[in-house]
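Student: One structure coming up, written as structure tokens, with questions to follow.
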Amino acid sequence: MDLGLDGRVALVTGASKGLGRAVATELAREGADVAINSRSADALSKAAEAIRSETGRSVFTVPGDVSDAGVCTRIVADTVGKFGRLDILVANAGGPPPGGVDDFGPDAYREALELNLMSTVQLTLAAIPEMRKGGWGRVVAITSVAVKQPVAGLLLSNMARPGVVGFIKTISRELAPEGILCNVAAPGYIATDRVGSLLAARADSSGQTVEEVEKGITSNIPMGRIGDPAEFARAVTFLASEGASYITGHTMQIDGGLVQGLL
Ligand SMILES: NC(=O)c1ccc[n+]([C@@H]2O[C@H](COP(=O)([O-])OP(=O)(O)OC[C@H]3O[C@@H](n4cnc5c(N)ncnc54)[C@H](OP(=O)(O)O)[C@@H]3O)[C@@H](O)[C@H]2O)c1
């Protein structure tokens with residue numbers, strides 16, 4: 001299948017490592033030029049160099065903290081300044097800290113909303129005018145299976161992410177007539193540093209080894225294993241492509257069958 005990504009321009013945030021980096025790499029492999037973001041300029045430059053040398057595409061870095069609305073506006077503008085257009089936004093950031101009801105005051109909730117909800121809103125609002133110019137666009141927001149089934153011990157994530165689905169679903173209906181399609185990608189357990197540190201934290205608090213914690217998790221995944229970032233990236237790249245031309249307002253789980261709900 002030709003994904004129709006040749007010559008497209010994508011901005012992927014939270015992309016110096018993990019899921020964002022895997023998505024940026026896959027988009028570039030499929031022919032898109034990409035702008036990548038994270039807070040660490042150094043890590044970002046290294047990731048850009050690796051993606052460039054693997055794919056031969058143009059990779060531009062736009063460092064900054066996407067919790068900050070001004071940064072979201074600036075990195076979209078810088079991407080357009082560099083490539084002259086923006087067709088695809090993959091909105092992603094780090095996850096909030098683990099914990100439950102006794103662990104956080106109001107500031108932590110606000111910070112989680114800035115990090116995992118408002119960043120997606122601000123990036124999308126900044127990107128839409130650019131997509132309108134081309135009469136074509138794709139927004140893919142990276143959330144979590146927590147939008148379908150709360151994850152134990154991740155209260156802040158469970159609280160902040162459902163708002164992303166409400167936002168994306170609503171705007172998807174408004175923007176569909178303009179050729180701008182908006183979807184949500186919901187990862188289950190994919191092998192990244194974030195999952196590594198969550199497993200270590202669970203091992204710490206339960207007195208189990210990391211291997212025992214992982215076994216407990218994979219025993220609930222019908223496919224019996226944690227996913228690879230490249231498997232996640234292929235799904236997101238499809239949603240970001242011409243191939244997904246009749247899909248909008250959808251939340252796609254990439255979870256090896258973990259979520260038990262029907263929809
Ligand atoms: N991996 C999974 O299985 C899984 C499952 C469910 C949900 N998720 C969610 O998916 C997202 C990505 O997960 P991941 O596993 O790829 O995490 P990760 O390995 O920790 O990578 C996070 C990336 O985001 C960047 N980042 C963090 N905070 C940022 C900010 N405020 N502004 C800009 N960039 C920021 C990090 O770089 P810097 O530190 O340099 O900024 C890094 O490049 C997270 O929200 C995570 O909670 C992941």
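A note on labels: chains of the structure tokens are A, B, ... as shown, every chain counts residues from 1, and ligands are counted from 1 in their shown order.
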How would you report the residues lying within 7 Å of ligand 1, as a PDB file with N, CA, C and O atoms, in the first residue's frame, if you count only C-alpha atoms and all ligand atoms?

Tutor:
```
ATOM      1  N   THR A  13       5.904  15.666  18.475  1.00  0.00           N
ATOM      2  CA  THR A  13       6.428  16.176  19.750  1.00  0.00           C
ATOM      3  C   THR A  13       6.766  14.995  20.671  1.00  0.00           C
ATOM      4  O   THR A  13       6.336  13.865  20.444  1.00  0.00           O
ATOM      5  N   GLY A  14       7.555  15.292  21.702  1.00  0.00           N
ATOM      6  CA  GLY A  14       8.008  14.228  22.609  1.00  0.00           C
ATOM      7  C   GLY A  14       8.728  13.136  21.848  1.00  0.00           C
ATOM      8  O   GLY A  14       8.432  11.955  22.018  1.00  0.00           O
ATOM      9  N   ALA A  15       9.705  13.536  21.015  1.00  0.00           N
ATOM     10  CA  ALA A  15      10.221  12.583  20.021  1.00  0.00           C
ATOM     11  C   ALA A  15      11.729  12.347  20.103  1.00  0.00           C
ATOM     12  O   ALA A  15      12.312  11.849  19.155  1.00  0.00           O
ATOM     13  N   SER A  16      12.368  12.676  21.245  1.00  0.00           N
ATOM     14  CA  SER A  16      13.803  12.363  21.319  1.00  0.00           C
ATOM     15  C   SER A  16      14.021  10.882  21.592  1.00  0.00           C
ATOM     16  O   SER A  16      15.095  10.344  21.359  1.00  0.00           O
ATOM     17  N   LYS A  17      12.984  10.210  22.119  1.00  0.00           N
ATOM     18  CA  LYS A  17      13.090   8.764  22.387  1.00  0.00           C
ATOM     19  C   LYS A  17      11.684   8.178  22.443  1.00  0.00           C
ATOM     20  O   LYS A  17      10.692   8.902  22.268  1.00  0.00           O
ATOM     21  N   GLY A  18      11.622   6.893  22.705  1.00  0.00           N
ATOM     22  CA  GLY A  18      10.336   6.241  22.955  1.00  0.00           C
ATOM     23  C   GLY A  18       9.378   6.262  21.771  1.00  0.00           C
ATOM     24  O   GLY A  18       9.780   6.173  20.612  1.00  0.00           O
ATOM     25  N   LEU A  19       8.100   6.385  22.090  1.00  0.00           N
ATOM     26  CA  LEU A  19       7.062   6.276  21.063  1.00  0.00           C
ATOM     27  C   LEU A  19       7.167   7.384  20.022  1.00  0.00           C
ATOM     28  O   LEU A  19       7.021   7.145  18.825  1.00  0.00           O
ATOM     29  N   GLY A  20       7.415   8.624  20.481  1.00  0.00           N
ATOM     30  CA  GLY A  20       7.492   9.752  19.546  1.00  0.00           C
ATOM     31  C   GLY A  20       8.619   9.570  18.546  1.00  0.00           C
ATOM     32  O   GLY A  20       8.450   9.789  17.341  1.00  0.00           O
ATOM     33  N   ARG A  21       9.754   9.151  19.033  1.00  0.00           N
ATOM     34  CA  ARG A  21      10.902   8.939  18.128  1.00  0.00           C
ATOM     35  C   ARG A  21      10.597   7.824  17.130  1.00  0.00           C
ATOM     36  O   ARG A  21      10.930   7.936  15.940  1.00  0.00           O
ATOM     37  N   ASN A  37      10.419  17.270  18.370  1.00  0.00           N
ATOM     38  CA  ASN A  37      10.495  18.118  19.564  1.00  0.00           C
ATOM     39  C   ASN A  37      10.768  17.272  20.805  1.00  0.00           C
ATOM     40  O   ASN A  37      10.323  16.124  20.902  1.00  0.00           O
ATOM     41  N   SER A  38      11.491  17.849  21.756  1.00  0.00           N
ATOM     42  CA  SER A  38      11.504  17.396  23.153  1.00  0.00           C
ATOM     43  C   SER A  38      12.158  18.525  23.929  1.00  0.00           C
ATOM     44  O   SER A  38      12.584  19.522  23.337  1.00  0.00           O
ATOM     45  N   ARG A  39      12.238  18.392  25.253  1.00  0.00           N
ATOM     46  CA  ARG A  39      12.816  19.492  26.033  1.00  0.00           C
ATOM     47  C   ARG A  39      14.332  19.532  25.915  1.00  0.00           C
ATOM     48  O   ARG A  39      14.925  20.603  25.965  1.00  0.00           O
ATOM     49  N   SER A  40      14.966  18.382  25.740  1.00  0.00           N
ATOM     50  CA  SER A  40      16.427  18.353  25.718  1.00  0.00           C
ATOM     51  C   SER A  40      16.961  18.523  24.292  1.00  0.00           C
ATOM     52  O   SER A  40      16.820  17.626  23.453  1.00  0.00           O
ATOM     53  N   ALA A  43      19.609  15.709  23.289  1.00  0.00           N
ATOM     54  CA  ALA A  43      19.031  14.399  22.960  1.00  0.00           C
ATOM     55  C   ALA A  43      18.302  14.472  21.619  1.00  0.00           C
ATOM     56  O   ALA A  43      18.340  13.538  20.810  1.00  0.00           O
ATOM     57  N   LEU A  44      17.674  15.613  21.392  1.00  0.00           N
ATOM     58  CA  LEU A  44      16.906  15.803  20.162  1.00  0.00           C
ATOM     59  C   LEU A  44      17.829  15.813  18.932  1.00  0.00           C
ATOM     60  O   LEU A  44      17.519  15.200  17.906  1.00  0.00           O
ATOM     61  N   GLY A  64      11.744  22.352  23.161  1.00  0.00           N
ATOM     62  CA  GLY A  64      10.867  23.138  24.038  1.00  0.00           C
ATOM     63  C   GLY A  64       9.917  22.245  24.811  1.00  0.00           C
ATOM     64  O   GLY A  64       9.730  21.081  24.462  1.00  0.00           O
ATOM     65  N   ASP A  65       9.335  22.839  25.859  1.00  0.00           N
ATOM     66  CA  ASP A  65       8.417  22.102  26.740  1.00  0.00           C
ATOM     67  C   ASP A  65       6.982  22.347  26.268  1.00  0.00           C
ATOM     68  O   ASP A  65       6.479  23.475  26.346  1.00  0.00           O
ATOM     69  N   VAL A  66       6.321  21.298  25.792  1.00  0.00           N
ATOM     70  CA  VAL A  66       4.977  21.480  25.218  1.00  0.00           C
ATOM     71  C   VAL A  66       3.901  21.734  26.276  1.00  0.00           C
ATOM     72  O   VAL A  66       2.750  21.990  25.930  1.00  0.00           O
ATOM     73  N   SER A  67       4.282  21.697  27.571  1.00  0.00           N
ATOM     74  CA  SER A  67       3.335  22.129  28.610  1.00  0.00           C
ATOM     75  C   SER A  67       3.062  23.625  28.507  1.00  0.00           C
ATOM     76  O   SER A  67       2.115  24.131  29.099  1.00  0.00           O
ATOM     77  N   ASN A  92       2.329  14.481  21.318  1.00  0.00           N
ATOM     78  CA  ASN A  92       2.817  13.514  22.306  1.00  0.00           C
ATOM     79  C   ASN A  92       3.657  14.282  23.332  1.00  0.00           C
ATOM     80  O   ASN A  92       4.170  15.363  23.034  1.00  0.00           O
ATOM     81  N   ALA A  93       3.780  13.723  24.521  1.00  0.00           N
ATOM     82  CA  ALA A  93       4.668  14.289  25.555  1.00  0.00           C
ATOM     83  C   ALA A  93       4.994  13.173  26.533  1.00  0.00           C
ATOM     84  O   ALA A  93       4.516  12.045  26.359  1.00  0.00           O
ATOM     85  N   GLY A  94       5.749  13.477  27.547  1.00  0.00           N
ATOM     86  CA  GLY A  94       6.007  12.471  28.577  1.00  0.00           C
ATOM     87  C   GLY A  94       4.737  12.219  29.383  1.00  0.00           C
ATOM     88  O   GLY A  94       3.739  12.926  29.235  1.00  0.00           O
ATOM     89  N   GLY A  95       4.789  11.193  30.232  1.00  0.00           N
ATOM     90  CA  GLY A  95       3.633  10.904  31.077  1.00  0.00           C
ATOM     91  C   GLY A  95       3.803  11.523  32.450  1.00  0.00           C
ATOM     92  O   GLY A  95       4.919  11.800  32.882  1.00  0.00           O
ATOM     93  N   PRO A  96       2.691  11.757  33.169  1.00  0.00           N
ATOM     94  CA  PRO A  96       2.788  12.292  34.534  1.00  0.00           C
ATOM     95  C   PRO A  96       3.286  11.218  35.498  1.00  0.00           C
ATOM     96  O   PRO A  96       3.266  10.028  35.173  1.00  0.00           O
ATOM     97  N   LEU A 115       0.437  19.109  30.677  1.00  0.00           N
ATOM     98  CA  LEU A 115       1.334  18.203  29.954  1.00  0.00           C
ATOM     99  C   LEU A 115       0.580  17.316  28.967  1.00  0.00           C
ATOM    100  O   LEU A 115       1.004  17.147  27.822  1.00  0.00           O
ATOM    101  N   ASN A 116      -0.517  16.739  29.385  1.00  0.00           N
ATOM    102  CA  ASN A 116      -1.142  15.686  28.580  1.00  0.00           C
ATOM    103  C   ASN A 116      -2.452  16.076  27.914  1.00  0.00           C
ATOM    104  O   ASN A 116      -2.920  15.359  27.039  1.00  0.00           O
ATOM    105  N   ILE A 142      -1.374  11.068  20.876  1.00  0.00           N
ATOM    106  CA  ILE A 142      -0.959   9.859  21.599  1.00  0.00           C
ATOM    107  C   ILE A 142      -1.438   9.973  23.046  1.00  0.00           C
ATOM    108  O   ILE A 142      -1.135  10.951  23.736  1.00  0.00           O
ATOM    109  N   THR A 143      -2.220   9.000  23.467  1.00  0.00           N
ATOM    110  CA  THR A 143      -2.728   9.015  24.849  1.00  0.00           C
ATOM    111  C   THR A 143      -2.297   7.729  25.547  1.00  0.00           C
ATOM    112  O   THR A 143      -1.122   7.498  25.760  1.00  0.00           O
ATOM    113  N   SER A 144      -3.257   6.871  25.857  1.00  0.00           N
ATOM    114  CA  SER A 144      -2.981   5.628  26.599  1.00  0.00           C
ATOM    115  C   SER A 144      -4.259   4.802  26.586  1.00  0.00           C
ATOM    116  O   SER A 144      -5.357   5.355  26.429  1.00  0.00           O
ATOM    117  N   VAL A 145      -4.128   3.487  26.818  1.00  0.00           N
ATOM    118  CA  VAL A 145      -5.339   2.681  27.002  1.00  0.00           C
ATOM    119  C   VAL A 145      -6.150   3.169  28.202  1.00  0.00           C
ATOM    120  O   VAL A 145      -7.299   2.784  28.371  1.00  0.00           O
ATOM    121  N   ALA A 186      -3.900   4.892  21.277  1.00  0.00           N
ATOM    122  CA  ALA A 186      -3.903   4.540  22.698  1.00  0.00           C
ATOM    123  C   ALA A 186      -2.998   3.331  22.951  1.00  0.00           C
ATOM    124  O   ALA A 186      -3.418   2.177  22.791  1.00  0.00           O
ATOM    125  N   PRO A 187      -1.735   3.600  23.341  1.00  0.00           N
ATOM    126  CA  PRO A 187      -0.825   2.469  23.596  1.00  0.00           C
ATOM    127  C   PRO A 187      -1.157   1.746  24.890  1.00  0.00           C
ATOM    128  O   PRO A 187      -1.602   2.358  25.869  1.00  0.00           O
ATOM    129  N   GLY A 188      -0.908   0.431  24.888  1.00  0.00           N
ATOM    130  CA  GLY A 188      -1.007  -0.360  26.119  1.00  0.00           C
ATOM    131  C   GLY A 188       0.346  -0.356  26.795  1.00  0.00           C
ATOM    132  O   GLY A 188       0.733   0.644  27.393  1.00  0.00           O
ATOM    133  N   TYR A 189       1.089  -1.437  26.693  1.00  0.00           N
ATOM    134  CA  TYR A 189       2.457  -1.492  27.232  1.00  0.00           C
ATOM    135  C   TYR A 189       3.422  -1.687  26.072  1.00  0.00           C
ATOM    136  O   TYR A 189       3.458  -2.744  25.441  1.00  0.00           O
ATOM    137  N   ILE A 190       4.193  -0.630  25.791  1.00  0.00           N
ATOM    138  CA  ILE A 190       5.176  -0.663  24.706  1.00  0.00           C
ATOM    139  C   ILE A 190       6.552  -0.401  25.352  1.00  0.00           C
ATOM    140  O   ILE A 190       6.666   0.496  26.203  1.00  0.00           O
ATOM    141  N   ALA A 191       7.553  -1.147  24.916  1.00  0.00           N
ATOM    142  CA  ALA A 191       8.868  -1.106  25.588  1.00  0.00           C
ATOM    143  C   ALA A 191       9.613   0.206  25.345  1.00  0.00           C
ATOM    144  O   ALA A 191      10.260   0.391  24.316  1.00  0.00           O
ATOM    145  N   THR A 192       9.471   1.126  26.298  1.00  0.00           N
ATOM    146  CA  THR A 192      10.193   2.402  26.258  1.00  0.00           C
ATOM    147  C   THR A 192      10.755   2.665  27.659  1.00  0.00           C
ATOM    148  O   THR A 192      10.427   1.940  28.611  1.00  0.00           O
ATOM    149  N   ASP A 193      11.532   3.750  27.785  1.00  0.00           N
ATOM    150  CA  ASP A 193      12.067   4.109  29.111  1.00  0.00           C
ATOM    151  C   ASP A 193      10.940   4.353  30.110  1.00  0.00           C
ATOM    152  O   ASP A 193      11.049   4.029  31.287  1.00  0.00           O
ATOM    153  N   ARG A 194       9.853   4.976  29.625  1.00  0.00           N
ATOM    154  CA  ARG A 194       8.718   5.280  30.508  1.00  0.00           C
ATOM    155  C   ARG A 194       8.165   3.990  31.127  1.00  0.00           C
ATOM    156  O   ARG A 194       7.947   3.916  32.333  1.00  0.00           O
ATOM    157  N   VAL A 195       7.958   2.982  30.309  1.00  0.00           N
ATOM    158  CA  VAL A 195       7.423   1.721  30.829  1.00  0.00           C
ATOM    159  C   VAL A 195       8.445   1.054  31.738  1.00  0.00           C
ATOM    160  O   VAL A 195       8.099   0.523  32.794  1.00  0.00           O
TER     161      VAL A 195
END
```

Student: Identify, on the basis of only C-alpha atoms, every residue whose closest approach to segment 222-225 of chain A does not exceed 8 Å; exclude the query and any residue fewer than 5 positions from it along the same chain; express the result as a ChimeraX atom specification.

Tutor: /A:256-258

Student: List as a PyMOL selection string the protein and nucleic acid residues near Gly134 of chain A, meaning an atom at most 12 Å away when only C-alpha atoms are counted, but skip any in the same chain fewer than 4 places from it.

Tutor: chain A and resi 8-9+84-88+127-130+138+178-180

Student: Quick one: write out the picked residues with C-alpha atoms as a CSV table (one decimal), in the first residue's frame?

Tutor:
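again-v2.csv, written as the output of this step:
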```
chain,number,residue,atom,x,y,z
A,8,ARG,CA,4.4,15.5,3.5
A,9,VAL,CA,5.7,17.5,6.5
A,84,GLY,CA,6.9,25.9,4.2
A,85,ARG,CA,3.9,23.8,5.3
A,86,LEU,CA,2.6,21.4,8.0
A,87,ASP,CA,0.5,18.4,7.0
A,88,ILE,CA,0.7,16.1,10.0
A,127,ALA,CA,-1.5,23.5,13.4
A,128,ILE,CA,-5.0,23.6,12.0
A,129,PRO,CA,-4.6,26.9,10.0
A,130,GLU,CA,-1.5,25.4,8.3
A,138,ARG,CA,-3.8,14.6,10.0
A,178,GLU,CA,-12.0,20.2,5.2
A,179,GLY,CA,-10.0,17.0,4.8
A,180,ILE,CA,-8.4,17.3,8.2
```

Student: Using DSSP on the backbone coordinates, identify all residues within segment 52-208 of chain A classified as helix (DSSP H, G or I); present the result as a VMD selection string.

Tutor: chain A and resid 52 to 55 69 to 83 106 to 134 145 to 147 155 to 160 162 to 178 193 to 206

Student: Can you list, as a list in words, every protein, DNA or RNA residue that comes within 7 Å of Ala35 of chain A when you count only C-alpha atoms, leaving out same-chain residues fewer than 5 positions away?

Tutor: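 The residues that qualify are Ala10, Leu11, Val12, Val59, Phe60, Thr61, Val62 and Thr79 of chain A.
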
Student: I want to know what sits within 8 Å of Thr73 of chain A, based on only C-alpha atoms, with residues of the same chain fewer than 4 positions away left out; could you give that as a ChimeraX atom specification?

Tutor: /A:69,77,122-123,126

Student: So, with only C-alpha atoms as the atoms that count, which of A:Asp228, A:Ala152, A:Ser197, A:Glu242 lies closest to Gly100 of chain A?

Tutor: A:Ala152

Student: Can you list, as a CSV table (one decimal) with all heavy atoms, in the first residue's frame, every protein, DNA or RNA residue that comes within 8 Å of His250 of chain A when you count only C-alpha atoms, leaving out same-chain residues fewer than 3 positions away?

Tutor:
```csv
chain,number,residue,atom,x,y,z
A,169,LYS,N,-12.3,13.9,19.3
A,169,LYS,CA,-13.6,13.4,18.7
A,169,LYS,C,-14.4,14.6,18.2
A,169,LYS,O,-15.0,14.6,17.1
A,169,LYS,CB,-14.3,12.6,19.8
A,169,LYS,CG,-15.6,12.0,19.3
A,169,LYS,CD,-15.3,10.8,18.3
A,169,LYS,CE,-16.6,10.3,17.7
A,169,LYS,NZ,-16.3,9.2,16.7
A,182,CYS,N,-8.7,13.6,12.3
A,182,CYS,CA,-8.2,13.6,13.7
A,182,CYS,C,-8.5,12.3,14.4
A,182,CYS,O,-9.6,11.9,14.6
A,182,CYS,CB,-8.8,14.8,14.5
A,182,CYS,SG,-8.6,16.4,13.6
A,183,ASN,N,-7.4,11.7,14.9
A,183,ASN,CA,-7.6,10.4,15.6
A,183,ASN,C,-6.7,10.3,16.9
A,183,ASN,O,-5.8,11.2,17.1
A,183,ASN,CB,-7.3,9.2,14.7
A,183,ASN,CG,-8.3,9.1,13.5
A,183,ASN,OD1,-9.4,8.7,13.7
A,183,ASN,ND2,-7.9,9.6,12.3
A,184,VAL,N,-7.0,9.3,17.7
A,184,VAL,CA,-6.3,9.1,18.9
A,184,VAL,C,-5.6,7.7,18.8
A,184,VAL,O,-6.2,6.7,18.4
A,184,VAL,CB,-7.2,9.1,20.1
A,184,VAL,CG1,-6.5,8.8,21.4
A,184,VAL,CG2,-7.9,10.5,20.2
A,247,ILE,N,-11.0,7.5,7.9
A,247,ILE,CA,-11.0,7.2,9.4
A,247,ILE,C,-10.8,8.6,10.1
A,247,ILE,O,-9.8,9.2,9.9
A,247,ILE,CB,-9.9,6.3,9.8
A,247,ILE,CG1,-10.0,4.9,9.0
A,247,ILE,CG2,-9.9,6.0,11.3
A,247,ILE,CD1,-8.8,4.0,9.3
```

Student: Between atom CA of Arg52 of chain A and atom CA of Gly137 of chain A, measure the distance and give it in Å to one decimal.

Tutor: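 So the answer is 23.4 Å.
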
Student: Excluding same-chain residues fewer than 4 positions from segment 109-111 of chain A, what lies within 12 Å of it counting only C-alpha atoms, as a VMD selection string?

Tutor: chain A and resid 66 to 68 94 to 101 103 to 105 115 to 119 154 to 161

Student: Mind checking DSSP for segment 105-259 of chain A and telling me the strand (DSSP E or B) residues as a list of chain:residue names?

Tutor: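 Written out, the strand (DSSP E or B) residues of segment 105-259 of chain A are A:Gly137, A:Arg138, A:Val139, A:Val140, A:Ala141, A:Ile142, A:Leu154, A:Ile180, A:Leu181, A:Cys182, A:Asn183, A:Val184, A:Ala185, A:Ala186, A:Pro187, A:Ile190, A:Gly227, A:Thr251, A:Met252, A:Gln253, A:Ile254.
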
Student: Would you export the selected residues with N, CA and C atoms as a PDB file, in the first residue's frame, please?

Tutor:
```
ATOM      1  N   GLY A 137      -4.993  17.349   6.118  1.00  0.00           N
ATOM      2  CA  GLY A 137      -4.286  17.315   7.397  1.00  0.00           C
ATOM      3  C   GLY A 137      -4.583  16.060   8.179  1.00  0.00           C
ATOM      4  N   ARG A 138      -3.662  15.734   9.053  1.00  0.00           N
ATOM      5  CA  ARG A 138      -3.847  14.607   9.966  1.00  0.00           C
ATOM      6  C   ARG A 138      -3.357  15.041  11.346  1.00  0.00           C
ATOM      7  N   VAL A 139      -4.209  14.824  12.348  1.00  0.00           N
ATOM      8  CA  VAL A 139      -3.792  15.005  13.738  1.00  0.00           C
ATOM      9  C   VAL A 139      -3.922  13.648  14.415  1.00  0.00           C
ATOM     10  N   VAL A 140      -2.841  13.184  15.011  1.00  0.00           N
ATOM     11  CA  VAL A 140      -2.900  11.945  15.806  1.00  0.00           C
ATOM     12  C   VAL A 140      -2.404  12.296  17.207  1.00  0.00           C
ATOM     13  N   ALA A 141      -3.279  12.127  18.190  1.00  0.00           N
ATOM     14  CA  ALA A 141      -2.907  12.407  19.582  1.00  0.00           C
ATOM     15  C   ALA A 141      -2.552  11.091  20.262  1.00  0.00           C
ATOM     16  N   ILE A 142      -1.374  11.068  20.876  1.00  0.00           N
ATOM     17  CA  ILE A 142      -0.959   9.859  21.599  1.00  0.00           C
ATOM     18  C   ILE A 142      -1.438   9.973  23.046  1.00  0.00           C
ATOM     19  N   LEU A 154      -2.035   5.001  38.146  1.00  0.00           N
ATOM     20  CA  LEU A 154      -1.711   6.134  37.260  1.00  0.00           C
ATOM     21  C   LEU A 154      -2.859   7.145  37.274  1.00  0.00           C
ATOM     22  N   ILE A 180      -9.310  17.380   7.044  1.00  0.00           N
ATOM     23  CA  ILE A 180      -8.386  17.262   8.186  1.00  0.00           C
ATOM     24  C   ILE A 180      -8.951  16.191   9.120  1.00  0.00           C
ATOM     25  N   LEU A 181      -8.246  15.084   9.228  1.00  0.00           N
ATOM     26  CA  LEU A 181      -8.739  13.923   9.970  1.00  0.00           C
ATOM     27  C   LEU A 181      -7.977  13.799  11.292  1.00  0.00           C
ATOM     28  N   CYS A 182      -8.729  13.564  12.350  1.00  0.00           N
ATOM     29  CA  CYS A 182      -8.159  13.616  13.702  1.00  0.00           C
ATOM     30  C   CYS A 182      -8.469  12.329  14.447  1.00  0.00           C
ATOM     31  N   ASN A 183      -7.442  11.673  14.941  1.00  0.00           N
ATOM     32  CA  ASN A 183      -7.622  10.395  15.627  1.00  0.00           C
ATOM     33  C   ASN A 183      -6.726  10.318  16.860  1.00  0.00           C
ATOM     34  N   VAL A 184      -7.000   9.302  17.659  1.00  0.00           N
ATOM     35  CA  VAL A 184      -6.254   9.100  18.900  1.00  0.00           C
ATOM     36  C   VAL A 184      -5.585   7.725  18.845  1.00  0.00           C
ATOM     37  N   ALA A 185      -4.319   7.664  19.247  1.00  0.00           N
ATOM     38  CA  ALA A 185      -3.627   6.374  19.379  1.00  0.00           C
ATOM     39  C   ALA A 185      -3.468   6.081  20.869  1.00  0.00           C
ATOM     40  N   ALA A 186      -3.900   4.892  21.277  1.00  0.00           N
ATOM     41  CA  ALA A 186      -3.903   4.540  22.698  1.00  0.00           C
ATOM     42  C   ALA A 186      -2.998   3.331  22.951  1.00  0.00           C
ATOM     43  N   PRO A 187      -1.735   3.600  23.341  1.00  0.00           N
ATOM     44  CA  PRO A 187      -0.825   2.469  23.596  1.00  0.00           C
ATOM     45  C   PRO A 187      -1.157   1.746  24.890  1.00  0.00           C
ATOM     46  N   ILE A 190       4.193  -0.630  25.791  1.00  0.00           N
ATOM     47  CA  ILE A 190       5.176  -0.663  24.706  1.00  0.00           C
ATOM     48  C   ILE A 190       6.552  -0.401  25.352  1.00  0.00           C
ATOM     49  N   GLY A 227       4.727  -4.635  23.770  1.00  0.00           N
ATOM     50  CA  GLY A 227       4.911  -4.286  22.354  1.00  0.00           C
ATOM     51  C   GLY A 227       6.231  -3.593  22.076  1.00  0.00           C
ATOM     52  N   THR A 251     -10.483   6.179  18.171  1.00  0.00           N
ATOM     53  CA  THR A 251      -9.416   5.901  19.141  1.00  0.00           C
ATOM     54  C   THR A 251      -8.933   4.479  18.911  1.00  0.00           C
ATOM     55  N   MET A 252      -7.692   4.376  18.459  1.00  0.00           N
ATOM     56  CA  MET A 252      -7.135   3.047  18.118  1.00  0.00           C
ATOM     57  C   MET A 252      -6.235   2.545  19.242  1.00  0.00           C
ATOM     58  N   GLN A 253      -6.586   1.384  19.787  1.00  0.00           N
ATOM     59  CA  GLN A 253      -5.712   0.758  20.785  1.00  0.00           C
ATOM     60  C   GLN A 253      -4.585   0.027  20.068  1.00  0.00           C
ATOM     61  N   ILE A 254      -3.381   0.168  20.593  1.00  0.00           N
ATOM     62  CA  ILE A 254      -2.239  -0.625  20.120  1.00  0.00           C
ATOM     63  C   ILE A 254      -1.727  -1.280  21.396  1.00  0.00           C
TER      64      ILE A 254
END
```

Student: Of the candidates A:Ala47, A:Leu89, A:Val80, A:Ala203, which shows the shortest atom-to-atom distance to Ser241 of chain A, using only C-alpha atoms?

Tutor: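 Nearest to Ser241 of chain A: A:Leu89.
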
Student: So, with only C-alpha atoms as the atoms that count, which of A:Thr120, A:Gln149, A:Ser58, A:Gln208 lies closest to Gly163 of chain A?

Tutor: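 Closest to Gly163 of chain A of all the choices is A:Thr120.
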
Student: I'd like the interatomic distance between atom CA of Thr55 of chain A and atom CA of Ala28 of chain A, to a tenth of an Å.

Tutor: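 Computing the Euclidean distance for atom CA of Thr55 of chain A and atom CA of Ala28 of chain A yields 6.0 Å.
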